[in-house]
Protein chains: 2
Amino acid sequence: MAAFDIASLRFDARGLIPAIAQARDGTVLMLAWMSADSLAETLRTGDVTYWSRSRGELWRKGATSGHVQRLVELRIDCDRDALLLVVDQTGPACHTNRPACFFTAVRDGQEVILTEPVAT
Amino acid sequence: MAAFDIASLRFDARGLIPAIAQARDGTVLMLAWMSADSLAETLRTGDVTYWSRSRGELWRKGATSGHVQRLVELRIDCDRDALLLVVDQTGPACHTNRPACFFTAVRDGQEVILTEPVAT
């Protein structure tokens, strides 16, 4: 065991690292990006906080929608350049109101929508 | 339904898109990167093929180790800038010979190794 140091992660040239959010049942909810600050905020508060590349600011997931993610466990990959966040998701994870963002499958060369938006 | 066109994906400035490989049991095996060519090769052959950023070439997973990934299903996220690959993994997915790359957890500020290498 060693003390975890955020600076030991391999952030990219923009200072970001990809983070996969996974529900406890194994569902991959989404992929987003974290800065060192957003990861520190996530660990400090337990509320998963990403870096919004479009807005250029910290993005506490669910801050406006209420569809928050509580961090269950942070995991790091072998190259220290990707994160896996096991989370408890309140409401749908996707901005389309679907439970997860990966709702489009490619089957026989066609796009197939696997899930519909849920009522919120 | 619409025909799937690789060019409809949002590749980054390097021409790459992050791809999460997930086993059928829900385990997140790894995160790697695909170019348009590597995705086309994956769809053509069924053998998951990434783009190796370190070597700057197509990387058919398991080409040297034998630890291949057969594509079960390709999924696309809502923003079309991330992929989820459901796969059948032969042998360990991680180059450390662990089943998956996310074997390090952060608990109470300490790094904890969750799984050990398997004999291959």
# chains A, B, ... in the order shown; residues from 1 in each chain; ligands from 1
call {"tool": "interface_residues", "arguments": {"of": "chain A", "to": "chain B", "cutoff": "8 Å", "atoms": "only C-alpha atoms", "output": "PyMOL selection string"}}
result
chain A and resi 1-4+25-27+30-31+73-78+82-84+94+96+101-107+109-113
call {"tool": "residues_around", "arguments": {"residues": "Ala119 of chain A", "least_positions_apart": "6", "cutoff": "10 Å", "atoms": "only C-alpha atoms", "output": "PDB file with all heavy atoms, in the first residue's frame"}}
result
ATOM      1  N   GLY A  91     -31.103   8.919 -10.544  1.00  0.00           N
ATOM      2  CA  GLY A  91     -31.770   9.253 -11.801  1.00  0.00           C
ATOM      3  C   GLY A  91     -30.924   8.829 -12.979  1.00  0.00           C
ATOM      4  O   GLY A  91     -29.933   8.104 -12.838  1.00  0.00           O
ATOM      5  N   PRO A  92     -31.325   9.261 -14.177  1.00  0.00           N
ATOM      6  CA  PRO A  92     -30.570   8.878 -15.378  1.00  0.00           C
ATOM      7  C   PRO A  92     -29.209   9.574 -15.423  1.00  0.00           C
ATOM      8  O   PRO A  92     -29.099  10.739 -15.049  1.00  0.00           O
ATOM      9  CB  PRO A  92     -31.466   9.336 -16.527  1.00  0.00           C
ATOM     10  CG  PRO A  92     -32.364  10.375 -15.952  1.00  0.00           C
ATOM     11  CD  PRO A  92     -32.537  10.065 -14.504  1.00  0.00           C
ATOM     12  N   ASN A  97     -31.856  11.798 -20.672  1.00  0.00           N
ATOM     13  CA  ASN A  97     -32.735  11.135 -19.691  1.00  0.00           C
ATOM     14  C   ASN A  97     -32.782   9.622 -19.856  1.00  0.00           C
ATOM     15  O   ASN A  97     -33.718   8.978 -19.375  1.00  0.00           O
ATOM     16  CB  ASN A  97     -34.156  11.712 -19.705  1.00  0.00           C
ATOM     17  CG  ASN A  97     -34.280  12.921 -18.788  1.00  0.00           C
ATOM     18  OD1 ASN A  97     -33.390  13.180 -17.957  1.00  0.00           O
ATOM     19  ND2 ASN A  97     -35.342  13.675 -18.935  1.00  0.00           N
ATOM     20  N   ARG A  98     -31.785   9.084 -20.522  1.00  0.00           N
ATOM     21  CA  ARG A  98     -31.644   7.636 -20.540  1.00  0.00           C
ATOM     22  C   ARG A  98     -30.728   7.226 -19.381  1.00  0.00           C
ATOM     23  O   ARG A  98     -29.898   8.016 -18.932  1.00  0.00           O
ATOM     24  CB  ARG A  98     -31.060   7.166 -21.868  1.00  0.00           C
ATOM     25  CG  ARG A  98     -32.037   7.340 -23.040  1.00  0.00           C
ATOM     26  CD  ARG A  98     -31.365   6.966 -24.344  1.00  0.00           C
ATOM     27  NE  ARG A  98     -32.283   6.933 -25.475  1.00  0.00           N
ATOM     28  CZ  ARG A  98     -32.580   7.993 -26.239  1.00  0.00           C
ATOM     29  NH1 ARG A  98     -32.045   9.173 -25.991  1.00  0.00           N
ATOM     30  NH2 ARG A  98     -33.406   7.867 -27.256  1.00  0.00           N
TER      31      ARG A  98
END
call {"tool": "atom_distance", "arguments": {"atom1": "atom CA of Ala93 of chain B", "atom2": "atom CA of Lys61 of chain B"}}
result
8.8 Å
call {"tool": "select_by_dssp", "arguments": {"residues": "chain A", "states": "strand (DSSP E or B)", "output": "PyMOL selection string"}}
result
chain A and resi 2-3+16-23+28-35+47+49-52+57-60+69-76+83-89+104-107+110-113
call {"tool": "residues_around", "arguments": {"residues": "Ala36 of chain B", "least_positions_apart": "2", "cutoff": "12 Å", "atoms": "only C-alpha atoms", "output": "tab-separated table (two decimals) with N, CA, C and O atoms, in the first residue's frame"}}
result
chain	number	residue	atom	x	y	z
B	5	ASP	N	-21.99	5.02	-39.92
B	5	ASP	CA	-20.89	5.57	-40.70
B	5	ASP	C	-19.79	6.00	-39.72
B	5	ASP	O	-20.04	6.85	-38.86
B	6	ILE	N	-18.62	5.39	-39.83
B	6	ILE	CA	-17.52	5.71	-38.91
B	6	ILE	C	-17.23	7.21	-38.91
B	6	ILE	O	-16.91	7.79	-37.88
B	7	ALA	N	-17.39	7.85	-40.06
B	7	ALA	CA	-17.09	9.28	-40.17
B	7	ALA	C	-18.05	10.14	-39.36
B	7	ALA	O	-17.78	11.33	-39.14
B	8	SER	N	-19.13	9.54	-38.88
B	8	SER	CA	-20.09	10.31	-38.06
B	8	SER	C	-19.62	10.44	-36.62
B	8	SER	O	-20.22	11.18	-35.84
B	9	LEU	N	-18.59	9.68	-36.25
B	9	LEU	CA	-18.05	9.77	-34.88
B	9	LEU	C	-17.21	11.03	-34.72
B	9	LEU	O	-16.69	11.57	-35.70
B	10	ARG	N	-17.10	11.48	-33.49
B	10	ARG	CA	-16.31	12.69	-33.22
B	10	ARG	C	-14.94	12.29	-32.71
B	10	ARG	O	-14.74	12.10	-31.50
B	11	PHE	N	-14.01	12.15	-33.62
B	11	PHE	CA	-12.62	11.86	-33.26
B	11	PHE	C	-11.97	13.14	-32.76
B	11	PHE	O	-12.36	14.25	-33.13
B	12	ASP	N	-10.95	12.99	-31.89
B	12	ASP	CA	-10.28	14.17	-31.34
B	12	ASP	C	-9.26	14.72	-32.35
B	12	ASP	O	-9.19	14.27	-33.49
B	14	ARG	N	-6.27	14.34	-32.67
B	14	ARG	CA	-5.30	13.33	-33.13
B	14	ARG	C	-5.97	12.29	-34.03
B	14	ARG	O	-5.31	11.36	-34.49
B	15	GLY	N	-7.29	12.42	-34.22
B	15	GLY	CA	-8.01	11.43	-35.00
B	15	GLY	C	-8.35	10.18	-34.21
B	15	GLY	O	-8.58	9.11	-34.77
B	16	LEU	N	-8.44	10.32	-32.87
B	16	LEU	CA	-8.68	9.16	-32.00
B	16	LEU	C	-9.96	9.35	-31.19
B	16	LEU	O	-10.43	10.46	-30.96
B	17	ILE	N	-10.49	8.21	-30.74
B	17	ILE	CA	-11.69	8.20	-29.88
B	17	ILE	C	-11.44	7.16	-28.79
B	17	ILE	O	-10.88	6.10	-29.06
B	18	PRO	N	-11.80	7.49	-27.53
B	18	PRO	CA	-11.58	6.51	-26.46
B	18	PRO	C	-12.57	5.35	-26.56
B	18	PRO	O	-13.75	5.57	-26.88
B	19	ALA	N	-12.08	4.15	-26.28
B	19	ALA	CA	-12.89	2.93	-26.37
B	19	ALA	C	-12.74	2.14	-25.07
B	19	ALA	O	-11.63	1.78	-24.69
B	33	TRP	N	-7.55	3.42	-27.24
B	33	TRP	CA	-7.93	4.42	-28.23
B	33	TRP	C	-8.08	3.78	-29.60
B	33	TRP	O	-7.35	2.85	-29.95
B	34	MET	N	-9.01	4.29	-30.36
B	34	MET	CA	-9.21	3.82	-31.73
B	34	MET	C	-9.10	4.97	-32.72
B	34	MET	O	-9.57	6.08	-32.44
B	38	SER	N	-8.64	1.73	-37.25
B	38	SER	CA	-8.64	0.60	-36.32
B	38	SER	C	-10.07	0.14	-36.05
B	38	SER	O	-10.33	-1.06	-35.90
B	39	LEU	N	-11.01	1.08	-36.02
B	39	LEU	CA	-12.41	0.68	-35.83
B	39	LEU	C	-12.91	-0.08	-37.07
B	39	LEU	O	-13.61	-1.10	-36.93
B	40	ALA	N	-12.56	0.39	-38.24
B	40	ALA	CA	-12.96	-0.32	-39.46
B	40	ALA	C	-12.41	-1.74	-39.47
B	40	ALA	O	-13.11	-2.70	-39.81
B	41	GLU	N	-11.15	-1.88	-39.05
B	41	GLU	CA	-10.52	-3.20	-38.99
B	41	GLU	C	-11.23	-4.09	-37.97
B	41	GLU	O	-11.45	-5.29	-38.21
B	42	THR	N	-11.60	-3.50	-36.83
B	42	THR	CA	-12.32	-4.24	-35.79
B	42	THR	C	-13.65	-4.75	-36.32
B	42	THR	O	-14.02	-5.91	-36.11
B	43	LEU	N	-14.38	-3.90	-37.02
B	43	LEU	CA	-15.70	-4.30	-37.54
B	43	LEU	C	-15.56	-5.32	-38.66
B	43	LEU	O	-16.39	-6.23	-38.80
B	49	THR	N	-9.18	-4.12	-32.51
B	49	THR	CA	-7.92	-3.52	-32.94
B	49	THR	C	-7.93	-2.05	-32.53
B	49	THR	O	-8.83	-1.30	-32.93
B	50	TYR	N	-6.95	-1.68	-31.72
B	50	TYR	CA	-6.84	-0.30	-31.25
B	50	TYR	C	-5.77	0.43	-32.05
B	50	TYR	O	-5.09	-0.15	-32.90
B	51	TRP	N	-5.59	1.73	-31.70
B	51	TRP	CA	-4.46	2.49	-32.18
B	51	TRP	C	-3.48	2.62	-31.03
B	51	TRP	O	-3.84	3.09	-29.95
B	58	LEU	N	-1.44	0.48	-35.81
B	58	LEU	CA	-2.58	-0.37	-35.45
B	58	LEU	C	-2.10	-1.44	-34.48
B	58	LEU	O	-1.00	-1.98	-34.61
B	83	LEU	N	-16.64	5.22	-27.23
B	83	LEU	CA	-17.14	3.90	-27.65
B	83	LEU	C	-17.13	2.94	-26.47
B	83	LEU	O	-16.26	3.02	-25.60
call {"tool": "atom_distance", "arguments": {"atom1": "atom CA of Ala63 of chain A", "atom2": "atom CA of Arg44 of chain A"}}
result
16.2 Å
call {"tool": "select_by_dssp", "arguments": {"residues": "chain B", "states": "alpha helix (DSSP H)", "output": "ChimeraX atom specification"}}
result
/B:36-45
call {"tool": "residues_around", "arguments": {"residues": "Arg70 of chain B", "least_positions_apart": "2", "cutoff": "7 Å", "atoms": "only C-alpha atoms", "output": "NGL selection string"}}
result
:B and (46-48 or 68 or 72 or 87-89)
call {"tool": "write_last_selection", "arguments": {"atoms": "C-alpha atoms", "output": "JSON list (two decimals), in the first residue's frame"}}
result
[["chain", "number", "residue", "atom", "x", "y", "z"],
["B", 46, "GLY", "CA", -14.27, -9.06, -35.29],
["B", 47, "ASP", "CA", -10.86, -8.89, -33.63],
["B", 48, "VAL", "CA", -10.66, -5.73, -31.53],
["B", 68, "VAL", "CA", -7.39, -11.47, -28.04],
["B", 72, "VAL", "CA", -19.60, -8.92, -29.32],
["B", 87, "VAL", "CA", -16.07, -8.25, -25.88],
["B", 88, "ASP", "CA", -15.19, -11.85, -25.25],
["B", 89, "GLN", "CA", -11.70, -11.68, -23.74]]
call {"tool": "decode", "arguments": {"residues": "segment 23-49 of chain B", "atoms": "N, CA and C atoms", "output": "compact mmCIF listing (two decimals), in the first residue's frame"}}
result
# COMPACT_ATOMS: atom_id res chain seq x y z
N ALA B 23 -16.32 -6.79 -20.51
CA ALA B 23 -16.69 -8.20 -20.66
C ALA B 23 -18.21 -8.35 -20.52
N ARG B 24 -18.73 -9.49 -20.96
CA ARG B 24 -20.18 -9.70 -20.89
C ARG B 24 -20.69 -9.70 -19.46
N ASP B 25 -19.82 -10.05 -18.49
CA ASP B 25 -20.27 -10.06 -17.09
C ASP B 25 -20.25 -8.67 -16.47
N GLY B 26 -19.90 -7.66 -17.25
CA GLY B 26 -19.94 -6.29 -16.76
C GLY B 26 -18.58 -5.74 -16.36
N THR B 27 -17.58 -6.59 -16.23
CA THR B 27 -16.25 -6.12 -15.84
C THR B 27 -15.69 -5.16 -16.88
N VAL B 28 -15.25 -3.99 -16.42
CA VAL B 28 -14.56 -3.07 -17.32
C VAL B 28 -13.11 -3.53 -17.41
N LEU B 29 -12.71 -3.94 -18.59
CA LEU B 29 -11.40 -4.55 -18.77
C LEU B 29 -10.29 -3.52 -18.95
N MET B 30 -10.53 -2.50 -19.76
CA MET B 30 -9.48 -1.55 -20.12
C MET B 30 -10.09 -0.36 -20.85
N LEU B 31 -9.28 0.68 -20.97
CA LEU B 31 -9.62 1.80 -21.85
C LEU B 31 -8.45 1.99 -22.80
N ALA B 32 -8.75 2.05 -24.10
CA ALA B 32 -7.70 2.30 -25.09
C ALA B 32 -8.28 3.23 -26.15
N TRP B 33 -7.55 3.42 -27.24
CA TRP B 33 -7.93 4.42 -28.23
C TRP B 33 -8.08 3.78 -29.60
N MET B 34 -9.01 4.29 -30.36
CA MET B 34 -9.21 3.82 -31.73
C MET B 34 -9.10 4.97 -32.72
N SER B 35 -8.51 4.67 -33.85
CA SER B 35 -8.58 5.55 -35.02
C SER B 35 -9.72 5.05 -35.91
N ALA B 36 -10.09 5.81 -36.90
CA ALA B 36 -11.12 5.34 -37.84
C ALA B 36 -10.68 4.02 -38.48
N ASP B 37 -9.42 3.92 -38.85
CA ASP B 37 -8.93 2.69 -39.47
C ASP B 37 -9.00 1.51 -38.51
N SER B 38 -8.64 1.73 -37.25
CA SER B 38 -8.64 0.60 -36.32
C SER B 38 -10.07 0.14 -36.05
N LEU B 39 -11.01 1.08 -36.02
CA LEU B 39 -12.41 0.68 -35.83
C LEU B 39 -12.91 -0.08 -37.07
N ALA B 40 -12.56 0.39 -38.24
CA ALA B 40 -12.96 -0.32 -39.46
C ALA B 40 -12.41 -1.74 -39.47
N GLU B 41 -11.15 -1.88 -39.05
CA GLU B 41 -10.52 -3.20 -38.99
C GLU B 41 -11.23 -4.09 -37.97
N THR B 42 -11.60 -3.50 -36.83
CA THR B 42 -12.32 -4.24 -35.79
C THR B 42 -13.65 -4.75 -36.32
N LEU B 43 -14.38 -3.90 -37.02
CA LEU B 43 -15.70 -4.30 -37.54
C LEU B 43 -15.56 -5.32 -38.66
N ARG B 44 -14.48 -5.20 -39.43
CA ARG B 44 -14.28 -6.10 -40.56
C ARG B 44 -13.92 -7.51 -40.10
N THR B 45 -13.05 -7.58 -39.06
CA THR B 45 -12.49 -8.87 -38.65
C THR B 45 -13.16 -9.45 -37.41
N GLY B 46 -13.76 -8.59 -36.58
CA GLY B 46 -14.27 -9.06 -35.29
C GLY B 46 -13.21 -9.15 -34.22
N ASP B 47 -11.96 -8.94 -34.59
CA ASP B 47 -10.86 -8.89 -33.63
C ASP B 47 -10.63 -7.43 -33.24
N VAL B 48 -10.76 -7.13 -31.95
CA VAL B 48 -10.66 -5.73 -31.53
C VAL B 48 -9.24 -5.22 -31.79
N THR B 49 -9.18 -4.12 -32.51
CA THR B 49 -7.92 -3.52 -32.94
C THR B 49 -7.93 -2.05 -32.53
